[in-house]
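Engineer: File structure27.cif below, mmCIF, N, CA and C atoms:
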data_entry
#
loop_
_atom_site.label_atom_id
_atom_site.label_comp_id
_atom_site.auth_asym_id
_atom_site.auth_seq_id
_atom_site.Cartn_x
_atom_site.Cartn_y
_atom_site.Cartn_z
N MET A 431 20.47 48.17 -23.15
CA MET A 431 20.68 47.25 -22.05
C MET A 431 20.30 45.85 -22.51
N LYS A 432 21.17 44.92 -22.32
CA LYS A 432 20.96 43.56 -22.75
C LYS A 432 20.32 42.75 -21.62
N HIS A 433 19.25 42.00 -21.98
CA HIS A 433 18.56 41.18 -20.99
C HIS A 433 19.05 39.74 -21.11
N THR A 434 19.30 39.15 -19.98
CA THR A 434 19.74 37.77 -19.95
C THR A 434 18.61 36.91 -19.41
N LYS A 435 18.33 35.84 -20.13
CA LYS A 435 17.28 34.94 -19.70
C LYS A 435 17.83 34.04 -18.59
N VAL A 436 17.12 34.00 -17.48
CA VAL A 436 17.52 33.18 -16.35
C VAL A 436 16.63 31.94 -16.35
N THR A 437 17.27 30.81 -16.37
CA THR A 437 16.50 29.56 -16.30
C THR A 437 16.64 28.97 -14.92
N SER A 438 15.59 28.35 -14.50
CA SER A 438 15.57 27.76 -13.17
C SER A 438 15.54 26.24 -13.29
N SER A 439 16.38 25.61 -12.52
CA SER A 439 16.39 24.14 -12.51
C SER A 439 15.78 23.63 -11.21
N VAL A 440 14.93 24.43 -10.59
CA VAL A 440 14.29 24.05 -9.34
C VAL A 440 13.21 23.03 -9.63
N SER A 441 13.25 21.93 -8.92
CA SER A 441 12.25 20.88 -9.10
C SER A 441 11.05 21.17 -8.21
N HIS A 442 9.87 20.84 -8.73
CA HIS A 442 8.65 21.04 -7.95
C HIS A 442 8.23 19.76 -7.23
N VAL A 443 9.06 18.74 -7.33
CA VAL A 443 8.78 17.48 -6.66
C VAL A 443 9.50 17.49 -5.31
N PRO A 444 8.77 17.20 -4.23
CA PRO A 444 9.42 17.17 -2.92
C PRO A 444 10.51 16.10 -2.87
N ASP A 445 11.52 16.33 -2.08
CA ASP A 445 12.59 15.36 -1.89
C ASP A 445 12.14 14.39 -0.80
N TYR A 446 11.36 13.38 -1.22
CA TYR A 446 10.79 12.43 -0.27
C TYR A 446 11.86 11.67 0.51
N LYS A 447 12.97 11.40 -0.13
CA LYS A 447 14.03 10.67 0.56
C LYS A 447 14.52 11.47 1.77
N LYS A 448 14.77 12.75 1.56
CA LYS A 448 15.24 13.61 2.67
C LYS A 448 14.15 13.75 3.74
N ILE A 449 12.92 13.95 3.30
CA ILE A 449 11.81 14.12 4.24
C ILE A 449 11.67 12.88 5.13
N TYR A 450 11.62 11.70 4.50
CA TYR A 450 11.42 10.48 5.28
C TYR A 450 12.66 10.09 6.08
N THR A 451 13.84 10.36 5.56
CA THR A 451 15.06 10.08 6.32
C THR A 451 15.07 10.91 7.60
N ASP A 452 14.79 12.20 7.47
CA ASP A 452 14.74 13.07 8.65
C ASP A 452 13.64 12.65 9.61
N LEU A 453 12.46 12.38 9.08
CA LEU A 453 11.32 12.01 9.92
C LEU A 453 11.61 10.75 10.72
N ILE A 454 12.11 9.73 10.05
CA ILE A 454 12.37 8.46 10.72
C ILE A 454 13.53 8.57 11.69
N THR A 455 14.58 9.26 11.28
CA THR A 455 15.75 9.42 12.15
C THR A 455 15.40 10.19 13.42
N LEU A 456 14.62 11.25 13.28
CA LEU A 456 14.32 12.11 14.42
C LEU A 456 13.15 11.63 15.27
N LYS A 457 12.07 11.16 14.63
CA LYS A 457 10.86 10.83 15.38
C LYS A 457 10.62 9.34 15.58
N TYR A 458 11.13 8.52 14.65
CA TYR A 458 10.87 7.08 14.72
C TYR A 458 12.14 6.27 14.54
N PRO A 459 13.17 6.50 15.36
CA PRO A 459 14.44 5.77 15.18
C PRO A 459 14.27 4.25 15.34
N ASP A 460 13.24 3.83 16.05
CA ASP A 460 12.99 2.40 16.23
C ASP A 460 12.55 1.72 14.92
N LEU A 461 12.12 2.51 13.94
CA LEU A 461 11.68 1.97 12.65
C LEU A 461 12.78 2.00 11.59
N LEU A 462 13.94 2.48 11.96
CA LEU A 462 15.03 2.64 10.99
C LEU A 462 15.39 1.34 10.27
N ASP A 463 15.45 0.24 11.00
CA ASP A 463 15.78 -1.04 10.36
C ASP A 463 14.72 -1.46 9.35
N ARG A 464 13.44 -1.26 9.69
CA ARG A 464 12.35 -1.65 8.79
C ARG A 464 12.30 -0.77 7.55
N CYS A 465 12.79 0.46 7.65
CA CYS A 465 12.72 1.41 6.55
C CYS A 465 14.02 1.51 5.76
N LYS A 466 15.03 0.82 6.20
CA LYS A 466 16.38 0.93 5.62
C LYS A 466 16.39 0.71 4.11
N TYR A 467 15.68 -0.31 3.64
CA TYR A 467 15.63 -0.62 2.21
C TYR A 467 15.23 0.61 1.38
N PHE A 468 14.20 1.31 1.83
CA PHE A 468 13.71 2.47 1.10
C PHE A 468 14.66 3.66 1.21
N LEU A 469 15.21 3.86 2.40
CA LEU A 469 16.06 5.02 2.63
C LEU A 469 17.42 4.91 1.94
N GLU A 470 17.80 3.70 1.51
CA GLU A 470 19.05 3.53 0.79
C GLU A 470 18.91 3.76 -0.71
N LYS A 471 17.69 3.91 -1.18
CA LYS A 471 17.46 4.18 -2.61
C LYS A 471 17.90 5.60 -2.95
N ASP A 472 18.24 5.82 -4.23
CA ASP A 472 18.63 7.16 -4.66
C ASP A 472 17.44 8.11 -4.64
N LYS A 473 16.28 7.61 -5.04
CA LYS A 473 15.09 8.44 -5.14
C LYS A 473 13.88 7.60 -4.74
N LEU A 474 12.96 8.20 -3.99
CA LEU A 474 11.75 7.50 -3.60
C LEU A 474 10.63 7.83 -4.57
N LEU A 475 9.94 6.81 -5.02
CA LEU A 475 8.78 6.99 -5.89
C LEU A 475 7.52 6.94 -5.05
N ALA A 476 6.39 7.22 -5.67
CA ALA A 476 5.12 7.26 -4.94
C ALA A 476 4.84 5.93 -4.23
N TYR A 477 5.15 4.82 -4.88
CA TYR A 477 4.93 3.51 -4.26
C TYR A 477 5.78 3.35 -3.00
N ASP A 478 7.02 3.82 -3.05
CA ASP A 478 7.91 3.76 -1.88
C ASP A 478 7.35 4.60 -0.74
N VAL A 479 6.84 5.78 -1.09
CA VAL A 479 6.27 6.68 -0.08
C VAL A 479 5.06 6.02 0.58
N MET A 480 4.24 5.34 -0.23
CA MET A 480 3.08 4.63 0.33
C MET A 480 3.54 3.56 1.31
N GLN A 481 4.57 2.82 0.96
CA GLN A 481 5.08 1.76 1.83
C GLN A 481 5.64 2.35 3.13
N LEU A 482 6.43 3.41 3.01
CA LEU A 482 6.99 4.04 4.21
C LEU A 482 5.91 4.61 5.12
N SER A 483 4.92 5.24 4.52
CA SER A 483 3.82 5.80 5.32
C SER A 483 3.11 4.70 6.09
N GLY A 484 2.92 3.57 5.43
CA GLY A 484 2.28 2.44 6.10
C GLY A 484 3.10 1.92 7.26
N ILE A 485 4.41 1.87 7.11
CA ILE A 485 5.29 1.42 8.18
C ILE A 485 5.23 2.39 9.36
N ILE A 486 5.28 3.67 9.06
CA ILE A 486 5.31 4.69 10.12
C ILE A 486 3.98 4.78 10.85
N THR A 487 2.89 4.85 10.10
CA THR A 487 1.60 5.10 10.73
C THR A 487 0.86 3.85 11.15
N GLY A 488 1.20 2.72 10.56
CA GLY A 488 0.42 1.52 10.86
C GLY A 488 -0.99 1.71 10.32
N LYS A 489 -1.95 1.23 11.00
CA LYS A 489 -3.34 1.40 10.57
C LYS A 489 -3.83 2.76 11.05
N SER A 490 -4.51 3.46 10.14
CA SER A 490 -5.06 4.75 10.52
C SER A 490 -6.58 4.67 10.50
N ASP A 491 -7.23 5.69 11.00
CA ASP A 491 -8.68 5.65 11.04
C ASP A 491 -9.30 5.93 9.67
N LYS A 492 -10.57 5.62 9.51
CA LYS A 492 -11.27 5.76 8.23
C LYS A 492 -11.26 7.19 7.72
N GLU A 493 -11.46 8.15 8.60
CA GLU A 493 -11.52 9.56 8.19
C GLU A 493 -10.19 10.00 7.58
N THR A 494 -9.10 9.62 8.20
CA THR A 494 -7.77 9.95 7.68
C THR A 494 -7.54 9.27 6.34
N ASP A 495 -7.94 8.00 6.23
CA ASP A 495 -7.79 7.28 4.97
C ASP A 495 -8.56 7.96 3.84
N LEU A 496 -9.80 8.37 4.12
CA LEU A 496 -10.61 9.04 3.10
C LEU A 496 -9.99 10.36 2.67
N PHE A 497 -9.50 11.13 3.64
CA PHE A 497 -8.85 12.41 3.31
C PHE A 497 -7.62 12.17 2.45
N ASN A 498 -6.78 11.22 2.85
CA ASN A 498 -5.56 10.94 2.10
C ASN A 498 -5.84 10.41 0.71
N ALA A 499 -6.88 9.61 0.56
CA ALA A 499 -7.22 9.04 -0.75
C ALA A 499 -7.56 10.13 -1.76
N LYS A 500 -8.17 11.20 -1.28
CA LYS A 500 -8.55 12.30 -2.18
C LYS A 500 -7.35 13.12 -2.64
N HIS A 501 -6.23 12.99 -1.95
CA HIS A 501 -5.07 13.82 -2.26
C HIS A 501 -3.86 13.02 -2.77
N LYS A 502 -4.11 11.79 -3.18
CA LYS A 502 -3.02 10.96 -3.67
C LYS A 502 -2.74 11.25 -5.13
N SER A 503 -1.50 11.06 -5.49
CA SER A 503 -1.08 11.19 -6.87
C SER A 503 -0.15 10.03 -7.17
N TYR A 504 -0.36 9.38 -8.32
CA TYR A 504 0.43 8.21 -8.66
C TYR A 504 1.21 8.44 -9.93
N ASP A 505 2.48 8.05 -9.93
CA ASP A 505 3.26 8.12 -11.15
C ASP A 505 3.04 6.83 -11.94
N VAL A 506 3.47 6.81 -13.18
CA VAL A 506 3.25 5.67 -14.07
C VAL A 506 3.86 4.39 -13.49
N TRP A 507 5.05 4.48 -12.95
CA TRP A 507 5.73 3.31 -12.39
C TRP A 507 4.88 2.71 -11.27
N THR A 508 4.33 3.56 -10.40
CA THR A 508 3.53 3.09 -9.27
C THR A 508 2.24 2.44 -9.75
N ILE A 509 1.61 3.03 -10.74
CA ILE A 509 0.37 2.45 -11.28
C ILE A 509 0.66 1.06 -11.84
N ARG A 510 1.73 0.95 -12.60
CA ARG A 510 2.09 -0.37 -13.16
C ARG A 510 2.40 -1.38 -12.05
N LYS A 511 3.05 -0.93 -11.02
CA LYS A 511 3.39 -1.80 -9.88
C LYS A 511 2.10 -2.28 -9.19
N ILE A 512 1.15 -1.40 -9.02
CA ILE A 512 -0.13 -1.76 -8.39
C ILE A 512 -0.88 -2.76 -9.27
N LEU A 513 -0.92 -2.50 -10.57
CA LEU A 513 -1.61 -3.42 -11.48
C LEU A 513 -0.90 -4.78 -11.55
N ASN A 514 0.41 -4.79 -11.46
CA ASN A 514 1.15 -6.05 -11.40
C ASN A 514 0.85 -6.81 -10.11
N TYR A 515 0.68 -6.07 -9.02
CA TYR A 515 0.32 -6.69 -7.75
C TYR A 515 -1.01 -7.44 -7.91
N GLN A 516 -1.94 -6.82 -8.63
CA GLN A 516 -3.24 -7.46 -8.86
C GLN A 516 -3.08 -8.77 -9.61
N LYS A 517 -2.26 -8.76 -10.66
CA LYS A 517 -2.02 -9.99 -11.45
C LYS A 517 -1.37 -11.07 -10.60
N GLU A 518 -0.33 -10.69 -9.87
CA GLU A 518 0.43 -11.66 -9.08
C GLU A 518 -0.38 -12.26 -7.94
N ASN A 519 -1.29 -11.48 -7.38
CA ASN A 519 -2.05 -11.93 -6.21
C ASN A 519 -3.50 -12.29 -6.53
N HIS A 520 -3.85 -12.24 -7.81
CA HIS A 520 -5.19 -12.62 -8.28
C HIS A 520 -6.29 -11.90 -7.50
N CYS A 521 -6.16 -10.58 -7.40
CA CYS A 521 -7.13 -9.76 -6.67
C CYS A 521 -8.21 -9.24 -7.62
N SER A 522 -9.38 -9.03 -7.08
CA SER A 522 -10.42 -8.34 -7.84
C SER A 522 -10.11 -6.85 -7.80
N ASN A 523 -10.79 -6.07 -8.61
CA ASN A 523 -10.60 -4.61 -8.58
C ASN A 523 -10.96 -4.06 -7.20
N GLN A 524 -12.00 -4.61 -6.58
CA GLN A 524 -12.41 -4.15 -5.25
C GLN A 524 -11.32 -4.44 -4.21
N GLU A 525 -10.76 -5.63 -4.24
CA GLU A 525 -9.72 -5.99 -3.29
C GLU A 525 -8.48 -5.11 -3.47
N LEU A 526 -8.13 -4.87 -4.72
CA LEU A 526 -6.97 -4.03 -5.01
C LEU A 526 -7.21 -2.58 -4.55
N ALA A 527 -8.40 -2.09 -4.84
CA ALA A 527 -8.75 -0.72 -4.43
C ALA A 527 -8.69 -0.57 -2.92
N THR A 528 -9.19 -1.55 -2.21
CA THR A 528 -9.17 -1.52 -0.74
C THR A 528 -7.74 -1.56 -0.23
N LYS A 529 -6.93 -2.43 -0.80
CA LYS A 529 -5.53 -2.59 -0.38
C LYS A 529 -4.74 -1.28 -0.53
N PHE A 530 -4.95 -0.59 -1.65
CA PHE A 530 -4.15 0.61 -1.94
C PHE A 530 -4.90 1.92 -1.69
N GLY A 531 -6.08 1.85 -1.11
CA GLY A 531 -6.80 3.05 -0.71
C GLY A 531 -7.25 3.92 -1.87
N THR A 532 -7.74 3.28 -2.92
CA THR A 532 -8.25 4.01 -4.06
C THR A 532 -9.63 3.45 -4.40
N SER A 533 -10.22 3.86 -5.49
CA SER A 533 -11.55 3.37 -5.84
C SER A 533 -11.48 2.31 -6.94
N ARG A 534 -12.54 1.53 -7.04
CA ARG A 534 -12.64 0.54 -8.12
C ARG A 534 -12.62 1.24 -9.47
N ASN A 535 -13.25 2.41 -9.53
CA ASN A 535 -13.29 3.17 -10.79
C ASN A 535 -11.89 3.59 -11.22
N THR A 536 -11.06 3.96 -10.27
CA THR A 536 -9.68 4.34 -10.58
C THR A 536 -8.91 3.14 -11.13
N ILE A 537 -9.09 2.00 -10.50
CA ILE A 537 -8.41 0.78 -10.97
C ILE A 537 -8.85 0.46 -12.40
N THR A 538 -10.15 0.53 -12.65
CA THR A 538 -10.68 0.26 -13.99
C THR A 538 -10.12 1.25 -15.01
N LYS A 539 -10.05 2.51 -14.64
CA LYS A 539 -9.51 3.54 -15.53
C LYS A 539 -8.04 3.26 -15.85
N TRP A 540 -7.26 2.90 -14.82
CA TRP A 540 -5.85 2.59 -15.04
C TRP A 540 -5.69 1.40 -15.99
N LYS A 541 -6.52 0.37 -15.77
CA LYS A 541 -6.43 -0.82 -16.62
C LYS A 541 -6.74 -0.49 -18.07
N LYS A 542 -7.72 0.37 -18.30
CA LYS A 542 -8.06 0.79 -19.66
C LYS A 542 -6.92 1.59 -20.28
N LEU A 543 -6.38 2.53 -19.52
CA LEU A 543 -5.29 3.36 -20.01
C LEU A 543 -4.05 2.55 -20.35
N PHE A 544 -3.69 1.63 -19.48
CA PHE A 544 -2.45 0.90 -19.65
C PHE A 544 -2.59 -0.31 -20.56
N SER A 545 -3.81 -0.76 -20.81
CA SER A 545 -3.96 -1.85 -21.78
C SER A 545 -3.79 -1.32 -23.20
N LYS A 546 -4.08 -0.03 -23.41
CA LYS A 546 -3.89 0.60 -24.71
C LYS A 546 -2.42 0.89 -25.00
N THR A 547 -1.65 1.17 -23.95
CA THR A 547 -0.26 1.53 -24.13
C THR A 547 0.69 0.34 -24.05
N ALA A 548 0.15 -0.79 -23.63
CA ALA A 548 1.01 -1.98 -23.47
C ALA A 548 1.37 -2.63 -24.78
#
Is it possible to express this structure as C-alpha cells?
Structural biologist:
Amino acid sequence: MKHTKVTSSVSHVPDYKKIYTDLITLKYPDLLDRCKYFLEKDKLLAYDVMQLSGIITGKSDKETDLFNAKHKSYDVWTIRKILNYQKENHCSNQELATKFGTSRNTITKWKKLFSKTA
C-alpha cells in the first residue's frame, strides 16, 4: 500500500481583515467611514489591528489595557513603524511605551535588536 504525503496550506494567522470587516459592518456601521482605509487593504498587519481597535474601543480602562499588553504580538514591520514614530515625533522611550501600550524595556530591546540589523 502506497502512502501519500498530505501537505496542509492552512495558515495559523487569523484573517484580521475579515474579522474587522464583519465586526465593523455588523456592530459598528457608524465607524465604517473612519475604518475604510484599513478595510480596503489586502491584508491587515499588527499595526493596522492596533489602529482599528483604538477606533472601535476608544479609551479603555487600565485593567483591560494591562491584560491586552500581556497578550500582544508584534511583527517586524509594526516594530519598525513604532520605532519610526518615535524618531518622527521625538518621543522618549517612556512616551512611546505609553502611547503603544508596551513597556520601556520592550522599546529598549527593540532598539537594540533593530540597530544591529539596520
Engineer: Once the PyMOL selection byres (((chain A and resi 541 and name CA) around 12) and name CA) has been evaluated on this model, what residues remain selected, and can you format them as a list in words?
Structural biologist: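 Output from the PyMOL selection byres (((chain A and resi 541 and name CA) around 12) and name CA), applied to this file: Val506, Ile509, Arg510, Lys511, Ile512, Leu513, Asn514, Gln516, Lys517, Asn523, Arg534, Asn535, Thr536, Ile537, Thr538, Lys539, Trp540, Lys542, Leu543, Phe544, Ser545, Lys546, Thr547 and Ala548 of chain A.
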Engineer: Do you know which residues are at most 12 Å from stretch 474-487 of chain A counting only C-alpha atoms, after dropping those on the same chain fewer than 2 positions away, and could you put them as an mmCIF file with N, CA and C atoms, in the frame of the given file?
Structural biologist:
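Result file selection_0.cif:
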data_model
loop_
_atom_site.group_PDB
_atom_site.id
_atom_site.type_symbol
_atom_site.label_atom_id
_atom_site.label_comp_id
_atom_site.auth_asym_id
_atom_site.auth_seq_id
_atom_site.Cartn_x
_atom_site.Cartn_y
_atom_site.Cartn_z
ATOM 1 N N VAL A 443 9.060 18.740 -7.330
ATOM 2 C CA VAL A 443 8.780 17.480 -6.660
ATOM 3 C C VAL A 443 9.500 17.490 -5.310
ATOM 4 N N PRO A 444 8.770 17.200 -4.230
ATOM 5 C CA PRO A 444 9.420 17.170 -2.920
ATOM 6 C C PRO A 444 10.510 16.100 -2.870
ATOM 7 N N ASP A 445 11.520 16.330 -2.080
ATOM 8 C CA ASP A 445 12.590 15.360 -1.890
ATOM 9 C C ASP A 445 12.140 14.390 -0.800
ATOM 10 N N TYR A 446 11.360 13.380 -1.220
ATOM 11 C CA TYR A 446 10.790 12.430 -0.270
ATOM 12 C C TYR A 446 11.860 11.670 0.510
ATOM 13 N N LYS A 447 12.970 11.400 -0.130
ATOM 14 C CA LYS A 447 14.030 10.670 0.560
ATOM 15 C C LYS A 447 14.520 11.470 1.770
ATOM 16 N N LYS A 448 14.770 12.750 1.560
ATOM 17 C CA LYS A 448 15.240 13.610 2.670
ATOM 18 C C LYS A 448 14.150 13.750 3.740
ATOM 19 N N ILE A 449 12.920 13.950 3.300
ATOM 20 C CA ILE A 449 11.810 14.120 4.240
ATOM 21 C C ILE A 449 11.670 12.880 5.130
ATOM 22 N N TYR A 450 11.620 11.700 4.500
ATOM 23 C CA TYR A 450 11.420 10.480 5.280
ATOM 24 C C TYR A 450 12.660 10.090 6.080
ATOM 25 N N THR A 451 13.840 10.360 5.560
ATOM 26 C CA THR A 451 15.060 10.080 6.320
ATOM 27 C C THR A 451 15.070 10.910 7.600
ATOM 28 N N LEU A 453 12.460 12.380 9.080
ATOM 29 C CA LEU A 453 11.320 12.010 9.920
ATOM 30 C C LEU A 453 11.610 10.750 10.720
ATOM 31 N N ILE A 454 12.110 9.730 10.050
ATOM 32 C CA ILE A 454 12.370 8.460 10.720
ATOM 33 C C ILE A 454 13.530 8.570 11.690
ATOM 34 N N THR A 455 14.580 9.260 11.280
ATOM 35 C CA THR A 455 15.750 9.420 12.150
ATOM 36 C C THR A 455 15.400 10.190 13.420
ATOM 37 N N LYS A 457 12.070 11.160 14.630
ATOM 38 C CA LYS A 457 10.860 10.830 15.380
ATOM 39 C C LYS A 457 10.620 9.340 15.580
ATOM 40 N N TYR A 458 11.130 8.520 14.650
ATOM 41 C CA TYR A 458 10.870 7.080 14.720
ATOM 42 C C TYR A 458 12.140 6.270 14.540
ATOM 43 N N PRO A 459 13.170 6.500 15.360
ATOM 44 C CA PRO A 459 14.440 5.770 15.180
ATOM 45 C C PRO A 459 14.270 4.250 15.340
ATOM 46 N N ASP A 460 13.240 3.830 16.050
ATOM 47 C CA ASP A 460 12.990 2.400 16.230
ATOM 48 C C ASP A 460 12.550 1.720 14.920
ATOM 49 N N LEU A 461 12.120 2.510 13.940
ATOM 50 C CA LEU A 461 11.680 1.970 12.650
ATOM 51 C C LEU A 461 12.780 2.000 11.590
ATOM 52 N N LEU A 462 13.940 2.480 11.960
ATOM 53 C CA LEU A 462 15.030 2.640 10.990
ATOM 54 C C LEU A 462 15.390 1.340 10.270
ATOM 55 N N ASP A 463 15.450 0.240 11.000
ATOM 56 C CA ASP A 463 15.780 -1.040 10.360
ATOM 57 C C ASP A 463 14.720 -1.460 9.350
ATOM 58 N N ARG A 464 13.440 -1.260 9.690
ATOM 59 C CA ARG A 464 12.350 -1.650 8.790
ATOM 60 C C ARG A 464 12.300 -0.770 7.550
ATOM 61 N N CYS A 465 12.790 0.460 7.650
ATOM 62 C CA CYS A 465 12.720 1.410 6.550
ATOM 63 C C CYS A 465 14.020 1.510 5.760
ATOM 64 N N LYS A 466 15.030 0.820 6.200
ATOM 65 C CA LYS A 466 16.380 0.930 5.620
ATOM 66 C C LYS A 466 16.390 0.710 4.110
ATOM 67 N N TYR A 467 15.680 -0.310 3.640
ATOM 68 C CA TYR A 467 15.630 -0.620 2.210
ATOM 69 C C TYR A 467 15.230 0.610 1.380
ATOM 70 N N PHE A 468 14.200 1.310 1.830
ATOM 71 C CA PHE A 468 13.710 2.470 1.100
ATOM 72 C C PHE A 468 14.660 3.660 1.210
ATOM 73 N N LEU A 469 15.210 3.860 2.400
ATOM 74 C CA LEU A 469 16.060 5.020 2.630
ATOM 75 C C LEU A 469 17.420 4.910 1.940
ATOM 76 N N GLU A 470 17.800 3.700 1.510
ATOM 77 C CA GLU A 470 19.050 3.530 0.790
ATOM 78 C C GLU A 470 18.910 3.760 -0.710
ATOM 79 N N LYS A 471 17.690 3.910 -1.180
ATOM 80 C CA LYS A 471 17.460 4.180 -2.610
ATOM 81 C C LYS A 471 17.900 5.600 -2.950
ATOM 82 N N ASP A 472 18.240 5.820 -4.230
ATOM 83 C CA ASP A 472 18.630 7.160 -4.660
ATOM 84 C C ASP A 472 17.440 8.110 -4.640
ATOM 85 N N LYS A 489 -1.950 1.230 11.000
ATOM 86 C CA LYS A 489 -3.340 1.400 10.570
ATOM 87 C C LYS A 489 -3.830 2.760 11.050
ATOM 88 N N SER A 490 -4.510 3.460 10.140
ATOM 89 C CA SER A 490 -5.060 4.750 10.520
ATOM 90 C C SER A 490 -6.580 4.670 10.500
ATOM 91 N N ASP A 491 -7.230 5.690 11.000
ATOM 92 C CA ASP A 491 -8.680 5.650 11.040
ATOM 93 C C ASP A 491 -9.300 5.930 9.670
ATOM 94 N N THR A 494 -9.100 9.620 8.200
ATOM 95 C CA THR A 494 -7.770 9.950 7.680
ATOM 96 C C THR A 494 -7.540 9.270 6.340
ATOM 97 N N ASP A 495 -7.940 8.000 6.230
ATOM 98 C CA ASP A 495 -7.790 7.280 4.970
ATOM 99 C C ASP A 495 -8.560 7.960 3.840
ATOM 100 N N ASN A 498 -6.780 11.220 2.850
ATOM 101 C CA ASN A 498 -5.560 10.940 2.100
ATOM 102 C C ASN A 498 -5.840 10.410 0.710
ATOM 103 N N ALA A 499 -6.880 9.610 0.560
ATOM 104 C CA ALA A 499 -7.220 9.040 -0.750
ATOM 105 C C ALA A 499 -7.560 10.130 -1.760
ATOM 106 N N LYS A 502 -4.110 11.790 -3.180
ATOM 107 C CA LYS A 502 -3.020 10.960 -3.670
ATOM 108 C C LYS A 502 -2.740 11.250 -5.130
ATOM 109 N N SER A 503 -1.500 11.060 -5.490
ATOM 110 C CA SER A 503 -1.080 11.190 -6.870
ATOM 111 C C SER A 503 -0.150 10.030 -7.170
ATOM 112 N N TYR A 504 -0.360 9.380 -8.320
ATOM 113 C CA TYR A 504 0.430 8.210 -8.660
ATOM 114 C C TYR A 504 1.210 8.440 -9.930
ATOM 115 N N ASP A 505 2.480 8.050 -9.930
ATOM 116 C CA ASP A 505 3.260 8.120 -11.150
ATOM 117 C C ASP A 505 3.040 6.830 -11.940
ATOM 118 N N VAL A 506 3.470 6.810 -13.180
ATOM 119 C CA VAL A 506 3.250 5.670 -14.070
ATOM 120 C C VAL A 506 3.860 4.390 -13.490
ATOM 121 N N TRP A 507 5.050 4.480 -12.950
ATOM 122 C CA TRP A 507 5.730 3.310 -12.390
ATOM 123 C C TRP A 507 4.880 2.710 -11.270
ATOM 124 N N THR A 508 4.330 3.560 -10.400
ATOM 125 C CA THR A 508 3.530 3.090 -9.270
ATOM 126 C C THR A 508 2.240 2.440 -9.750
ATOM 127 N N ILE A 509 1.610 3.030 -10.740
ATOM 128 C CA ILE A 509 0.370 2.450 -11.280
ATOM 129 C C ILE A 509 0.660 1.060 -11.840
ATOM 130 N N ARG A 510 1.730 0.950 -12.600
ATOM 131 C CA ARG A 510 2.090 -0.370 -13.160
ATOM 132 C C ARG A 510 2.400 -1.380 -12.050
ATOM 133 N N LYS A 511 3.050 -0.930 -11.020
ATOM 134 C CA LYS A 511 3.390 -1.800 -9.880
ATOM 135 C C LYS A 511 2.100 -2.280 -9.190
ATOM 136 N N ILE A 512 1.150 -1.400 -9.020
ATOM 137 C CA ILE A 512 -0.130 -1.760 -8.390
ATOM 138 C C ILE A 512 -0.880 -2.760 -9.270
ATOM 139 N N LEU A 513 -0.920 -2.500 -10.570
ATOM 140 C CA LEU A 513 -1.610 -3.420 -11.480
ATOM 141 C C LEU A 513 -0.900 -4.780 -11.550
ATOM 142 N N TYR A 515 0.680 -6.070 -9.020
ATOM 143 C CA TYR A 515 0.320 -6.690 -7.750
ATOM 144 C C TYR A 515 -1.010 -7.440 -7.910
ATOM 145 N N LYS A 529 -6.930 -2.430 -0.800
ATOM 146 C CA LYS A 529 -5.530 -2.590 -0.380
ATOM 147 C C LYS A 529 -4.740 -1.280 -0.530
ATOM 148 N N PHE A 530 -4.950 -0.590 -1.650
ATOM 149 C CA PHE A 530 -4.150 0.610 -1.940
ATOM 150 C C PHE A 530 -4.900 1.920 -1.690
ATOM 151 N N GLY A 531 -6.080 1.850 -1.110
ATOM 152 C CA GLY A 531 -6.800 3.050 -0.710
ATOM 153 C C GLY A 531 -7.250 3.920 -1.870
#
Engineer: Could you pull out all residues of stretch 458-540 of chain A with a DSSP call of alpha helix (DSSP H) and give them as an NGL selection string?
Structural biologist: :A and (462-469 or 476-487 or 492-500 or 506-519 or 523-530 or 534-540)
Engineer: Can you tell me how far atom N of A:Asp452 sits from atom C of A:Lys473, in Å to one decimal?
Structural biologist: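 Those two atoms sit 13.1 Å apart.
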Engineer: Please compute the atom CA of A:His442-atom CA of A:Ser533 distance, one decimal, in Å.
Structural biologist: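 Answer for the atom CA of A:His442 to atom CA of A:Ser533 separation: 26.9 Å.
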